[in-house]
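Source file: my_file.cif (mmCIF, C-alpha atoms and all ligand atoms)
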data_work
#
loop_
_atom_site.label_atom_id
_atom_site.label_comp_id
_atom_site.auth_asym_id
_atom_site.auth_seq_id
_atom_site.Cartn_x
_atom_site.Cartn_y
_atom_site.Cartn_z
CA MET A 1 0.00 0.00 0.00
CA VAL A 2 1.17 3.54 -0.68
CA ASN A 3 -0.04 6.84 0.62
CA LEU A 4 -0.61 9.72 -1.72
CA THR A 5 -2.61 12.88 -2.04
CA ILE A 6 -5.16 13.58 -4.73
CA ASP A 7 -6.75 17.03 -4.76
CA ASN A 8 -5.62 17.62 -1.18
CA ARG A 9 -7.17 14.38 0.04
CA LYS A 10 -5.00 11.78 1.71
CA ILE A 11 -5.57 8.50 -0.04
CA GLU A 12 -4.30 4.98 0.38
CA ALA A 13 -3.85 2.90 -2.73
CA GLU A 14 -2.26 -0.30 -3.86
CA ALA A 15 1.17 0.09 -5.39
CA GLY A 16 1.05 -0.15 -9.18
CA GLN A 17 -2.55 1.03 -9.48
CA PHE A 18 -3.12 3.75 -12.02
CA ILE A 19 -3.96 7.24 -10.80
CA LEU A 20 -7.25 7.28 -12.70
CA ASP A 21 -8.50 4.09 -11.06
CA VAL A 22 -7.52 5.29 -7.60
CA ALA A 23 -9.22 8.62 -8.21
CA ARG A 24 -12.40 6.89 -9.37
CA GLU A 25 -12.45 4.60 -6.37
CA ASN A 26 -12.40 7.71 -4.24
CA GLY A 27 -15.11 9.50 -6.11
CA ILE A 28 -12.82 11.97 -7.84
CA VAL A 29 -13.96 12.54 -11.40
CA ILE A 30 -11.43 12.87 -14.20
CA PRO A 31 -12.87 13.27 -17.69
CA THR A 32 -11.90 10.49 -20.13
CA LEU A 33 -12.85 9.24 -23.55
CA CYS A 34 -10.75 6.16 -24.11
CA SER A 35 -11.02 4.50 -20.74
CA HIS A 36 -13.27 1.53 -20.08
CA GLU A 37 -13.18 -1.09 -17.38
CA SER A 38 -13.34 -3.98 -19.79
CA ILE A 39 -10.28 -3.07 -21.83
CA GLU A 40 -6.75 -2.16 -20.93
CA PRO A 41 -5.89 1.54 -21.01
CA THR A 42 -3.78 2.79 -23.90
CA GLY A 43 -3.76 6.50 -23.26
CA SER A 44 -4.89 7.73 -26.63
CA CYS A 45 -7.41 10.49 -25.90
CA ARG A 46 -5.13 12.42 -23.51
CA LEU A 47 -8.10 13.97 -21.74
CA CYS A 48 -7.29 12.31 -18.45
CA VAL A 49 -4.18 14.40 -17.86
CA VAL A 50 -3.39 15.40 -14.28
CA GLU A 51 -0.49 17.04 -12.55
CA ALA A 52 1.59 14.60 -10.52
CA ARG A 53 4.26 15.74 -8.15
CA GLN A 54 6.99 13.42 -6.96
CA GLY A 55 9.76 14.97 -4.90
CA LYS A 56 10.64 18.23 -6.55
CA LYS A 57 9.35 17.27 -9.98
CA THR A 58 5.87 18.10 -11.17
CA ARG A 59 4.73 16.58 -14.43
CA ILE A 60 1.65 16.42 -16.55
CA VAL A 61 0.83 12.73 -16.95
CA THR A 62 -2.00 10.65 -18.40
CA SER A 63 -3.67 9.36 -15.27
CA CYS A 64 -5.09 6.25 -16.97
CA LEU A 65 -1.58 4.94 -17.52
CA TYR A 66 0.45 6.46 -14.70
CA PRO A 67 0.97 4.34 -11.59
CA VAL A 68 0.63 5.86 -8.16
CA ALA A 69 3.69 6.12 -5.94
CA LYS A 70 4.49 6.79 -2.33
CA GLY A 71 4.15 10.45 -1.39
CA MET A 72 2.83 11.47 -4.79
CA ILE A 73 0.80 14.64 -4.87
CA VAL A 74 -1.80 14.70 -7.60
CA ASP A 75 -3.80 17.67 -8.73
CA THR A 76 -6.61 16.86 -11.15
CA ARG A 77 -7.88 20.37 -11.69
CA SER A 78 -4.96 22.77 -11.46
CA GLU A 79 -4.69 25.69 -13.83
CA ARG A 80 -2.03 23.87 -15.82
CA VAL A 81 -4.11 20.69 -16.06
CA MET A 82 -7.17 22.60 -17.20
CA ASN A 83 -5.17 24.37 -19.88
CA VAL A 84 -3.87 21.12 -21.31
CA ARG A 85 -7.25 19.46 -21.10
CA ARG A 86 -8.94 22.37 -22.83
CA LEU A 87 -6.40 22.26 -25.62
CA VAL A 88 -6.81 18.52 -26.08
CA LEU A 89 -10.57 18.83 -26.24
CA GLN A 90 -10.39 21.73 -28.68
CA LEU A 91 -8.18 19.69 -30.98
CA LEU A 92 -10.51 16.71 -30.78
CA LEU A 93 -13.47 19.01 -31.47
CA ALA A 94 -11.76 20.39 -34.54
CA ARG A 95 -11.16 16.85 -35.74
CA CYS A 96 -14.74 15.69 -35.11
CA PRO A 97 -16.99 18.74 -35.21
CA GLY A 98 -19.98 16.47 -35.76
CA SER A 99 -19.63 14.39 -32.63
CA GLU A 100 -22.50 15.06 -30.23
CA GLN A 101 -20.64 13.36 -27.40
CA LEU A 102 -17.64 15.66 -27.79
CA LYS A 103 -19.85 18.71 -28.02
CA GLU A 104 -21.65 17.69 -24.86
CA MET A 105 -18.41 17.14 -23.04
CA ALA A 106 -17.11 20.51 -24.17
CA ALA A 107 -20.27 22.20 -22.97
CA GLU A 108 -19.99 20.49 -19.61
CA MET A 109 -16.41 21.58 -19.22
CA GLY A 110 -17.11 25.06 -20.52
CA VAL A 111 -14.73 24.64 -23.41
CA GLU A 112 -15.35 26.51 -26.62
CA ALA A 113 -14.04 25.70 -30.05
CA GLU A 114 -10.74 27.40 -30.75
CA PRO A 115 -10.98 29.38 -34.01
CA ARG A 116 -7.32 28.69 -34.72
CA PHE A 117 -8.11 24.99 -35.17
CA VAL A 118 -9.99 24.79 -38.43
CA PRO A 119 -12.67 22.09 -38.16
CA ASP A 120 -12.31 19.07 -40.43
CA THR A 121 -14.97 18.80 -43.09
CA ASP A 122 -14.73 15.07 -43.78
CA ASN A 123 -17.59 14.28 -41.39
CA VAL A 124 -15.50 11.75 -39.48
CA LYS A 125 -16.29 11.44 -35.81
CA CYS A 126 -13.48 9.06 -34.98
CA ILE A 127 -10.63 10.05 -32.69
CA LEU A 128 -8.68 6.86 -33.50
CA CYS A 129 -8.66 5.64 -29.93
CA ARG A 130 -8.89 2.03 -31.10
CA MET A 131 -11.37 1.09 -28.40
CA CYS A 132 -13.74 -0.45 -30.93
CA VAL A 133 -11.02 -2.56 -32.53
CA ARG A 134 -9.77 -3.82 -29.20
CA THR A 135 -13.26 -4.55 -27.92
CA CYS A 136 -14.00 -6.58 -31.03
CA GLU A 137 -10.76 -8.49 -30.59
CA LYS A 138 -10.39 -8.86 -26.84
CA VAL A 139 -13.92 -8.77 -25.49
CA VAL A 140 -16.00 -10.22 -28.31
CA GLY A 141 -13.17 -12.31 -29.76
CA VAL A 142 -14.11 -11.75 -33.39
CA SER A 143 -11.64 -9.19 -34.79
CA ALA A 144 -13.99 -8.09 -37.53
CA ILE A 145 -12.69 -4.52 -37.72
CA GLY A 146 -9.32 -2.82 -37.74
CA PHE A 147 -7.57 0.35 -38.67
CA SER A 148 -6.49 0.86 -42.23
CA TYR A 149 -4.03 3.14 -43.99
CA ARG A 150 -2.13 5.74 -42.02
CA GLY A 151 -1.69 9.45 -41.57
CA PRO A 152 -4.69 11.54 -42.54
CA GLU A 153 -6.29 8.56 -44.31
CA LYS A 154 -6.20 6.33 -41.26
CA ASN A 155 -9.65 5.08 -40.36
CA VAL A 156 -11.47 2.21 -38.78
CA CYS A 157 -13.16 -0.22 -41.12
CA THR A 158 -13.80 -3.83 -42.02
CA PRO A 159 -11.16 -5.55 -44.18
CA PHE A 160 -11.29 -4.28 -47.78
CA LYS A 161 -14.11 -1.98 -46.63
CA GLU A 162 -16.50 -4.76 -47.51
CA GLU A 163 -19.17 -6.58 -45.56
CA SER A 164 -17.35 -8.65 -42.99
CA GLU A 165 -18.09 -12.37 -42.85
CA THR A 166 -16.77 -12.63 -39.32
CA CYS A 167 -18.83 -9.78 -37.90
CA ILE A 168 -21.69 -11.07 -35.75
CA GLY A 169 -23.52 -7.76 -35.55
CA CYS A 170 -23.25 -7.53 -31.77
CA GLY A 171 -22.78 -3.77 -31.85
CA ALA A 172 -20.14 -3.75 -29.11
CA CYS A 173 -17.97 -1.42 -31.19
CA ALA A 174 -20.77 1.10 -31.59
CA TYR A 175 -21.51 0.82 -27.89
CA ILE A 176 -17.95 1.42 -26.74
CA CYS A 177 -17.14 4.22 -29.20
CA PRO A 178 -16.87 7.40 -27.14
CA THR A 179 -17.63 9.77 -30.00
CA GLY A 180 -20.53 8.13 -31.84
CA HIS A 181 -18.59 7.40 -34.99
CA ILE A 182 -19.87 3.90 -35.63
CA GLU A 183 -23.33 3.81 -37.07
CA MET A 184 -25.74 1.08 -36.24
CA GLU A 185 -29.25 1.24 -37.55
CA THR A 186 -32.20 -0.82 -36.52
CA THR A 187 -35.45 -0.94 -38.43
CA GLU A 188 -38.60 0.30 -36.76
CA THR A 189 -39.88 -3.18 -36.02
CA GLY A 190 -36.42 -4.22 -34.96
CA ASP A 191 -36.29 -7.22 -37.27
CA THR A 192 -32.94 -6.22 -38.78
CA ARG A 193 -29.95 -4.20 -37.77
CA THR A 194 -27.30 -2.74 -40.08
CA ILE A 195 -23.74 -2.17 -39.03
CA TRP A 196 -20.52 -1.87 -41.05
CA GLY A 197 -22.57 -2.07 -44.23
CA ARG A 198 -24.02 -5.46 -43.42
CA THR A 199 -27.60 -6.17 -42.41
CA PHE A 200 -28.25 -8.74 -39.71
CA LYS A 201 -31.47 -10.59 -39.06
CA MET A 202 -32.60 -10.26 -35.46
CA LYS A 203 -33.99 -13.05 -33.34
CA ILE A 204 -37.35 -12.86 -31.58
CA CYS A 205 -37.46 -13.70 -27.88
CA LYS A 206 -39.54 -16.82 -27.30
CA VAL A 207 -41.17 -15.33 -24.24
CA CYS A 208 -41.81 -11.64 -24.81
CA GLY A 209 -41.78 -11.72 -28.60
CA ARG A 210 -39.39 -8.82 -29.00
CA TYR A 211 -36.39 -8.77 -31.28
CA PHE A 212 -33.37 -8.87 -29.02
CA ALA A 213 -30.16 -10.06 -30.71
CA PRO A 214 -28.73 -10.80 -34.15
CA GLU A 215 -29.05 -14.47 -35.11
CA ASP A 216 -25.37 -14.56 -36.00
CA GLN A 217 -24.43 -13.42 -32.54
CA LEU A 218 -26.47 -16.19 -30.92
CA VAL A 219 -24.84 -18.76 -33.19
CA TYR A 220 -21.46 -17.40 -32.18
CA ILE A 221 -22.26 -17.49 -28.47
CA SER A 222 -23.58 -21.01 -28.81
CA GLN A 223 -20.42 -22.14 -30.57
CA LYS A 224 -18.20 -20.47 -28.04
CA THR A 225 -19.96 -21.56 -24.89
CA GLY A 226 -21.42 -24.86 -26.01
CA VAL A 227 -24.88 -23.79 -24.90
CA PRO A 228 -27.43 -25.12 -27.40
CA ILE A 229 -28.84 -22.42 -29.63
CA GLU A 230 -32.43 -23.17 -28.49
CA ASP A 231 -31.50 -22.18 -24.96
CA LEU A 232 -30.38 -18.79 -26.22
CA ALA A 233 -33.70 -17.91 -27.76
CA VAL A 234 -34.87 -15.98 -24.72
CA CYS A 235 -33.86 -12.38 -24.11
CA ILE A 236 -32.07 -11.27 -20.97
CA SER A 237 -35.11 -9.65 -19.36
CA CYS A 238 -37.16 -12.82 -19.74
CA ARG A 239 -34.48 -15.23 -18.59
CA MET B 1 -2.05 -20.31 -54.94
CA GLU B 2 -2.92 -21.88 -51.60
CA GLU B 3 0.11 -24.18 -51.89
CA LYS B 4 2.48 -21.34 -52.62
CA VAL B 5 1.20 -19.36 -49.65
CA LYS B 6 1.60 -22.40 -47.39
CA GLU B 7 5.11 -22.93 -48.66
CA ILE B 8 6.13 -19.33 -47.92
CA ILE B 9 4.59 -19.46 -44.46
CA GLN B 10 6.42 -22.73 -43.83
CA GLN B 11 9.71 -21.03 -44.54
CA TYR B 12 9.00 -18.91 -41.49
CA SER B 13 7.86 -21.92 -39.46
CA GLY B 14 4.35 -20.49 -39.41
CA ASP B 15 5.42 -17.84 -36.93
CA LYS B 16 2.96 -14.96 -37.08
CA SER B 17 5.51 -12.43 -35.86
CA TYR B 18 6.99 -12.72 -39.37
CA LEU B 19 3.84 -11.37 -40.96
CA VAL B 20 5.62 -8.52 -42.74
CA PRO B 21 8.43 -10.60 -44.36
CA ILE B 22 5.85 -13.24 -45.26
CA LEU B 23 3.72 -10.63 -46.99
CA GLN B 24 6.80 -9.31 -48.77
CA ASP B 25 7.57 -12.78 -50.11
CA VAL B 26 3.95 -13.32 -51.04
CA GLN B 27 3.87 -10.02 -52.92
CA ARG B 28 7.07 -10.92 -54.76
CA GLU B 29 5.42 -14.18 -55.79
CA PHE B 30 2.10 -12.76 -56.94
CA ASN B 31 3.24 -9.27 -58.02
CA TYR B 32 0.71 -7.74 -55.68
CA LEU B 33 -1.50 -8.82 -52.78
CA PRO B 34 -4.83 -10.09 -54.10
CA LYS B 35 -7.68 -10.45 -51.66
CA ASP B 36 -7.92 -14.25 -51.78
CA VAL B 37 -4.19 -14.56 -51.21
CA LEU B 38 -4.42 -12.34 -48.13
CA CYS B 39 -7.29 -14.44 -46.86
CA ALA B 40 -5.14 -17.54 -47.31
CA VAL B 41 -2.29 -15.90 -45.39
CA SER B 42 -4.73 -14.96 -42.66
CA ALA B 43 -6.11 -18.49 -42.43
CA HIS B 44 -2.78 -20.34 -42.44
CA LEU B 45 -1.08 -17.94 -40.07
CA SER B 46 -4.12 -17.65 -37.75
CA VAL B 47 -4.01 -13.88 -37.90
CA PRO B 48 -7.41 -12.23 -38.36
CA ILE B 49 -7.87 -10.77 -41.84
CA SER B 50 -8.63 -7.41 -40.24
CA ARG B 51 -5.14 -7.40 -38.77
CA VAL B 52 -3.53 -8.48 -42.05
CA TYR B 53 -5.40 -5.70 -43.83
CA GLU B 54 -4.18 -3.24 -41.24
CA VAL B 55 -0.56 -4.14 -41.93
CA VAL B 56 -0.96 -4.22 -45.69
CA THR B 57 -2.55 -0.79 -45.87
CA PHE B 58 -0.09 0.68 -43.38
CA TYR B 59 3.02 0.05 -45.43
CA LYS B 60 3.36 1.77 -48.77
CA ALA B 61 5.49 -1.11 -50.05
CA PHE B 62 2.44 -3.36 -50.12
CA SER B 63 -0.04 -3.08 -52.94
CA LEU B 64 -3.60 -4.29 -53.10
CA LYS B 65 -3.71 -3.52 -56.79
CA PRO B 66 -1.77 -5.26 -59.57
CA LYS B 67 1.56 -3.63 -60.30
CA GLY B 68 2.80 -2.90 -63.78
CA ARG B 69 5.65 -4.79 -65.41
CA TYR B 70 7.75 -1.66 -65.11
CA GLN B 71 7.71 -0.01 -61.73
CA LEU B 72 8.80 3.58 -61.90
CA SER B 73 9.66 5.58 -58.82
CA LEU B 74 10.44 9.23 -59.17
CA CYS B 75 12.26 10.82 -56.27
CA MET B 76 10.57 13.89 -54.83
CA GLY B 77 13.04 14.41 -52.02
CA THR B 78 14.20 17.95 -51.40
CA ALA B 79 17.34 17.71 -53.53
CA CYS B 80 15.51 16.20 -56.51
CA HIS B 81 12.62 18.56 -56.04
CA VAL B 82 14.74 21.70 -56.33
CA ARG B 83 16.35 20.29 -59.43
CA GLY B 84 13.05 20.03 -61.24
CA ALA B 85 11.55 16.67 -60.25
CA GLU B 86 8.16 18.38 -60.22
CA LEU B 87 8.41 19.05 -63.96
CA ILE B 88 9.47 15.48 -64.66
CA ALA B 89 6.53 14.26 -62.58
CA ARG B 90 4.14 16.23 -64.74
CA ASN B 91 5.78 14.84 -67.87
CA MET B 92 5.45 11.27 -66.55
CA GLU B 93 1.77 11.73 -65.80
CA ASP B 94 1.18 13.27 -69.21
CA ILE B 95 2.89 10.48 -71.12
CA LEU B 96 1.59 7.59 -69.04
CA GLY B 97 -1.87 9.09 -68.71
CA ILE B 98 -2.09 8.06 -65.06
CA LYS B 99 -1.79 9.75 -61.71
CA GLU B 100 1.03 9.16 -59.29
CA GLY B 101 0.43 5.88 -57.43
CA ASP B 102 -1.51 4.27 -60.29
CA THR B 103 -0.88 1.61 -62.89
CA THR B 104 -1.67 1.82 -66.58
CA ALA B 105 -4.65 -0.25 -67.73
CA ASP B 106 -2.42 -2.55 -69.79
CA LEU B 107 -0.41 -3.36 -66.65
CA GLU B 108 2.78 -2.14 -68.30
CA PHE B 109 3.66 0.77 -66.03
CA SER B 110 3.24 1.55 -62.36
CA TYR B 111 4.31 5.01 -61.43
CA GLU B 112 4.82 6.51 -58.01
CA THR B 113 6.70 9.36 -56.41
CA VAL B 114 8.77 8.67 -53.33
CA GLY B 115 10.56 10.60 -50.63
CA CYS B 116 14.32 10.79 -50.61
CA LEU B 117 16.05 7.78 -52.16
CA GLY B 118 19.36 8.70 -50.57
CA ALA B 119 21.04 9.36 -53.89
CA CYS B 120 20.79 13.13 -53.83
CA ALA B 121 24.05 13.66 -55.74
CA LEU B 122 22.42 11.93 -58.70
CA GLY B 123 19.22 13.96 -58.52
CA PRO B 124 16.72 14.09 -59.95
CA VAL B 125 16.49 10.31 -59.78
CA LEU B 126 14.10 7.97 -61.58
CA VAL B 127 14.16 4.32 -60.57
CA VAL B 128 12.99 1.73 -63.09
CA ASN B 129 12.53 -1.74 -61.61
CA GLY B 130 15.24 -1.08 -59.07
CA GLU B 131 17.66 0.47 -61.56
CA TYR B 132 18.68 4.04 -60.79
CA HIS B 133 18.72 6.64 -63.57
CA GLY B 134 20.38 9.84 -62.38
CA HIS B 135 20.42 13.46 -63.56
CA MET B 136 16.96 13.01 -64.95
CA ASN B 137 15.25 15.64 -67.04
CA ILE B 138 12.11 15.84 -69.12
CA ALA B 139 13.75 14.73 -72.35
CA LYS B 140 15.53 11.82 -70.70
CA SER B 141 12.42 10.62 -68.94
CA THR B 142 10.48 10.74 -72.20
CA LYS B 143 13.21 8.72 -73.87
CA ILE B 144 13.21 6.10 -71.12
CA LEU B 145 9.46 5.69 -71.35
CA LYS B 146 9.60 5.40 -75.12
CA LYS B 147 12.29 2.79 -74.90
CA LEU B 148 10.37 0.78 -72.34
CA GLY B 149 7.25 1.07 -74.44
CA LYS B 150 9.03 -0.36 -77.44
CA LYS B 151 10.75 -3.05 -75.45
CA GLY B 152 7.43 -3.99 -73.94
CA ALA B 153 5.93 -4.34 -77.42
CA THR B 154 8.71 -6.59 -78.73
CA ASP B 155 8.53 -8.71 -75.59
CA ASP B 156 4.82 -9.15 -76.20
CA GLU B 157 5.47 -10.27 -79.74
CA GLN B 158 7.87 -12.90 -78.56
CA ASP B 159 5.32 -14.19 -76.08
S1 LIG A 301 -14.62 4.48 -34.11
FE1 LIG A 301 -14.88 5.24 -32.00
S2 LIG A 301 -14.02 3.59 -30.72
FE2 LIG A 301 -13.28 3.22 -32.80
S3 LIG A 301 -11.30 4.23 -32.90
FE3 LIG A 301 -12.81 5.72 -33.63
S4 LIG A 301 -13.40 6.91 -31.83
FE4 LIG A 301 -12.36 5.07 -31.07
S1 LIG A 302 -8.42 8.00 -20.66
FE1 LIG A 302 -6.31 8.36 -20.46
S2 LIG A 302 -5.77 8.93 -22.45
FE2 LIG A 302 -7.85 8.50 -22.70
#

Take the structure in the file and write it out as structure tokens.
Ligand code: SF4
Ligand code: FES
Amino acid sequence: MVNLTIDNRKIEAEAGQFILDVARENGIVIPTLCSHESIEPTGSCRLCVVEARQGKKTRIVTSCLYPVAKGMIVDTRSERVMNVRRLVLQLLLARCPGSEQLKEMAAEMGVEAEPRFVPDTDNVKCILCRMCVRTCEKVVGVSAIGFSYRGPEKNVCTPFKEESETCIGCGACAYICPTGHIEMETTETGDTRTIWGRTFKMKICKVCGRYFAPEDQLVYISQKTGVPIEDLAVCISCR
Amino acid sequence: MEEKVKEIIQQYSGDKSYLVPILQDVQREFNYLPKDVLCAVSAHLSVPISRVYEVVTFYKAFSLKPKGRYQLSLCMGTACHVRGAELIARNMEDILGIKEGDTTADLEFSYETVGCLGACALGPVLVVNGEYHGHMNIAKSTKILKKLGKKGATDDEQD
């Protein structure tokens, strides 16, 4: 165990824990985009910056990736931190002017678009955090999507930008995306869902009669867990 | 095709950390990286196709489109640039009728511009299938293309 201070509060934490996690455990809010409990942090959004002081040195660090240490003094809202965070958010806003989530976050934090940063016009809402790709690979275990190309052309897509055969239509990528880049559309009745250019047939729950999951996803779960497909024909609320 | 891919992968003992050299060998074999070949690599190496596609599109050296018989690279590095590579580039596009990075419809010529080739003293440099042609100018580049065009035609006749 190590003792440290976050925002003037004395806190005890396990050695090796990341600042962000310790802060959250103690009810201290640090804004983030690319952090989620089910995937490892990679530090790509840079919104979680804090000021960490060790000995005489004070540094701006990404709290999601920076381990706590004995005697560390962390400030999550200092002037310097707020300046960096504002700048990061302004740059992200200029990259994805169409992202509602980013706009909301900016409004909450009282950050306004910086006129110096000319907004992109390509209508891309992706900040290239790779959360969707890693969720598909590590959590779902399908690896249907990935990044392609590099530099300004870099984007997330299915291989060859075609309908993916491996995609099961689970929508985890759209769910985890912090900026609303991934589009998933469901018909009014809910009988099909379209994601990554492919349309999936949805399954009806045997009990309540509502469409609840893509058939392909149920087949995948059945194959992976060995649970017969018939047993998966009931939605979570009816189970 | 499948056999060839397997053979190449075998040379690397099926180790997926050799994905890049494997793809290089595969491209050398097939001239470019067709979709079905990449799918075969993905299957035999147990690397998801999305990951293979990531690597292939990341590196400029890999091509998803067929490459021409003659691969022309014009250096656009600073030294070549100030010595008029820009003008040569325009001449190349005019004669070949394609944009930089493309291949002619008859699969004779692929033409691209590159960053510094490290042969600045020779600049401007045009590389034809790995062979360096230094002190390039518009007239010389036209001549080279003409020559290749002719050579290509006679080769075809022999075929
Ligand atoms: S689509 Fe969303 S989750 Fe995926 S890399 Fe872009 S911003 Fe991140
Ligand atoms: S949460 Fe730390 S960089 Fe995104």

Fewer than 2 positions away in the same chain doesn't count, so skip those; otherwise give me all residues within 6 Å of B:Ile138, counting only C-alpha atoms, as a PyMOL selection string.
-> chain B and resi 88+140-141

Of the candidates A:Cys136, A:Cys238, A:Ile145, A:Cys177, which shows the shortest atom-to-atom distance to chain B, using all atoms listed in the file?
->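 Between A:Cys136, A:Cys238, A:Ile145, A:Cys177, the residue approaching chain B most closely is A:Ile145.
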
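Counting all atoms listed in the file, the residue from A:Glu114, A:Asp21, A:Glu183, A:Asp122 that sits nearest to ligand LIG 301 (chain A) is A:Glu183.
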
Would you mind listing, for every residue of chain A within 8 Å of ligand LIG 302 (chain A), the two atoms forming the shortest contact and the distance between them in Å to one decimal, using all atoms listed in the file, sorted by chain and ascending residue number, as JSON lines?
{"residue": "A:Leu20", "atom": "CA", "partner": "A:LIG302", "partner_atom": "FE1", "distance": 7.9}
{"residue": "A:Pro31", "atom": "CA", "partner": "A:LIG302", "partner_atom": "S1", "distance": 7.5}
{"residue": "A:Thr32", "atom": "CA", "partner": "A:LIG302", "partner_atom": "S1", "distance": 4.3}
{"residue": "A:Leu33", "atom": "CA", "partner": "A:LIG302", "partner_atom": "FE2", "distance": 5.1}
{"residue": "A:Cys34", "atom": "CA", "partner": "A:LIG302", "partner_atom": "FE2", "distance": 4.0}
{"residue": "A:Ser35", "atom": "CA", "partner": "A:LIG302", "partner_atom": "S1", "distance": 4.4}
{"residue": "A:Pro41", "atom": "CA", "partner": "A:LIG302", "partner_atom": "FE1", "distance": 6.9}
{"residue": "A:Thr42", "atom": "CA", "partner": "A:LIG302", "partner_atom": "S2", "distance": 6.6}
{"residue": "A:Gly43", "atom": "CA", "partner": "A:LIG302", "partner_atom": "S2", "distance": 3.3}
{"residue": "A:Ser44", "atom": "CA", "partner": "A:LIG302", "partner_atom": "S2", "distance": 4.4}
{"residue": "A:Cys45", "atom": "CA", "partner": "A:LIG302", "partner_atom": "FE2", "distance": 3.8}
{"residue": "A:Arg46", "atom": "CA", "partner": "A:LIG302", "partner_atom": "S2", "distance": 3.7}
{"residue": "A:Leu47", "atom": "CA", "partner": "A:LIG302", "partner_atom": "FE2", "distance": 5.6}
{"residue": "A:Cys48", "atom": "CA", "partner": "A:LIG302", "partner_atom": "FE1", "distance": 4.5}
{"residue": "A:Val49", "atom": "CA", "partner": "A:LIG302", "partner_atom": "FE1", "distance": 6.9}
{"residue": "A:Thr62", "atom": "CA", "partner": "A:LIG302", "partner_atom": "FE1", "distance": 5.3}
{"residue": "A:Ser63", "atom": "CA", "partner": "A:LIG302", "partner_atom": "FE1", "distance": 5.9}
{"residue": "A:Cys64", "atom": "CA", "partner": "A:LIG302", "partner_atom": "FE1", "distance": 4.3}
{"residue": "A:Leu65", "atom": "CA", "partner": "A:LIG302", "partner_atom": "FE1", "distance": 6.5}
{"residue": "A:Cys129", "atom": "CA", "partner": "A:LIG302", "partner_atom": "FE2", "distance": 7.8}

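Relative to atom CA of B:Lys146, atom CA of B:Arg83 is found at 22.7 Å.
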
Output requested as an mmCIF file, in the coordinates of the input - stretch 34-44 of chain B, filled out with N, CA, C and O atoms.
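Wrote it out as part06.cif, contents follow:
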data_model
loop_
_atom_site.group_PDB
_atom_site.id
_atom_site.type_symbol
_atom_site.label_atom_id
_atom_site.label_comp_id
_atom_site.auth_asym_id
_atom_site.auth_seq_id
_atom_site.Cartn_x
_atom_site.Cartn_y
_atom_site.Cartn_z
ATOM 1 N N PRO B 34 -3.404 -9.931 -53.817
ATOM 2 C CA PRO B 34 -4.830 -10.090 -54.100
ATOM 3 C C PRO B 34 -5.580 -10.487 -52.825
ATOM 4 O O PRO B 34 -5.000 -11.050 -51.903
ATOM 5 N N LYS B 35 -6.870 -10.219 -52.844
ATOM 6 C CA LYS B 35 -7.680 -10.450 -51.660
ATOM 7 C C LYS B 35 -7.661 -11.931 -51.222
ATOM 8 O O LYS B 35 -7.474 -12.239 -50.039
ATOM 9 N N ASP B 36 -7.856 -12.844 -52.184
ATOM 10 C CA ASP B 36 -7.920 -14.250 -51.780
ATOM 11 C C ASP B 36 -6.595 -14.744 -51.217
ATOM 12 O O ASP B 36 -6.553 -15.588 -50.332
ATOM 13 N N VAL B 37 -5.499 -14.186 -51.731
ATOM 14 C CA VAL B 37 -4.190 -14.560 -51.210
ATOM 15 C C VAL B 37 -4.047 -14.086 -49.763
ATOM 16 O O VAL B 37 -3.578 -14.820 -48.889
ATOM 17 N N LEU B 38 -4.486 -12.867 -49.499
ATOM 18 C CA LEU B 38 -4.420 -12.340 -48.130
ATOM 19 C C LEU B 38 -5.283 -13.170 -47.187
ATOM 20 O O LEU B 38 -4.911 -13.421 -46.044
ATOM 21 N N CYS B 39 -6.428 -13.605 -47.692
ATOM 22 C CA CYS B 39 -7.290 -14.440 -46.860
ATOM 23 C C CYS B 39 -6.605 -15.762 -46.543
ATOM 24 O O CYS B 39 -6.716 -16.289 -45.432
ATOM 25 N N ALA B 40 -5.871 -16.296 -47.539
ATOM 26 C CA ALA B 40 -5.140 -17.540 -47.310
ATOM 27 C C ALA B 40 -4.044 -17.328 -46.268
ATOM 28 O O ALA B 40 -3.846 -18.154 -45.367
ATOM 29 N N VAL B 41 -3.325 -16.211 -46.374
ATOM 30 C CA VAL B 41 -2.290 -15.900 -45.390
ATOM 31 C C VAL B 41 -2.920 -15.823 -44.000
ATOM 32 O O VAL B 41 -2.425 -16.412 -43.036
ATOM 33 N N SER B 42 -4.041 -15.121 -43.929
ATOM 34 C CA SER B 42 -4.730 -14.960 -42.660
ATOM 35 C C SER B 42 -5.112 -16.319 -42.063
ATOM 36 O O SER B 42 -4.875 -16.586 -40.895
ATOM 37 N N ALA B 43 -5.655 -17.190 -42.907
ATOM 38 C CA ALA B 43 -6.110 -18.490 -42.430
ATOM 39 C C ALA B 43 -4.940 -19.363 -41.973
ATOM 40 O O ALA B 43 -4.979 -19.957 -40.891
ATOM 41 N N HIS B 44 -3.883 -19.437 -42.767
ATOM 42 C CA HIS B 44 -2.780 -20.340 -42.440
ATOM 43 C C HIS B 44 -1.889 -19.825 -41.326
ATOM 44 O O HIS B 44 -1.152 -20.591 -40.713
#
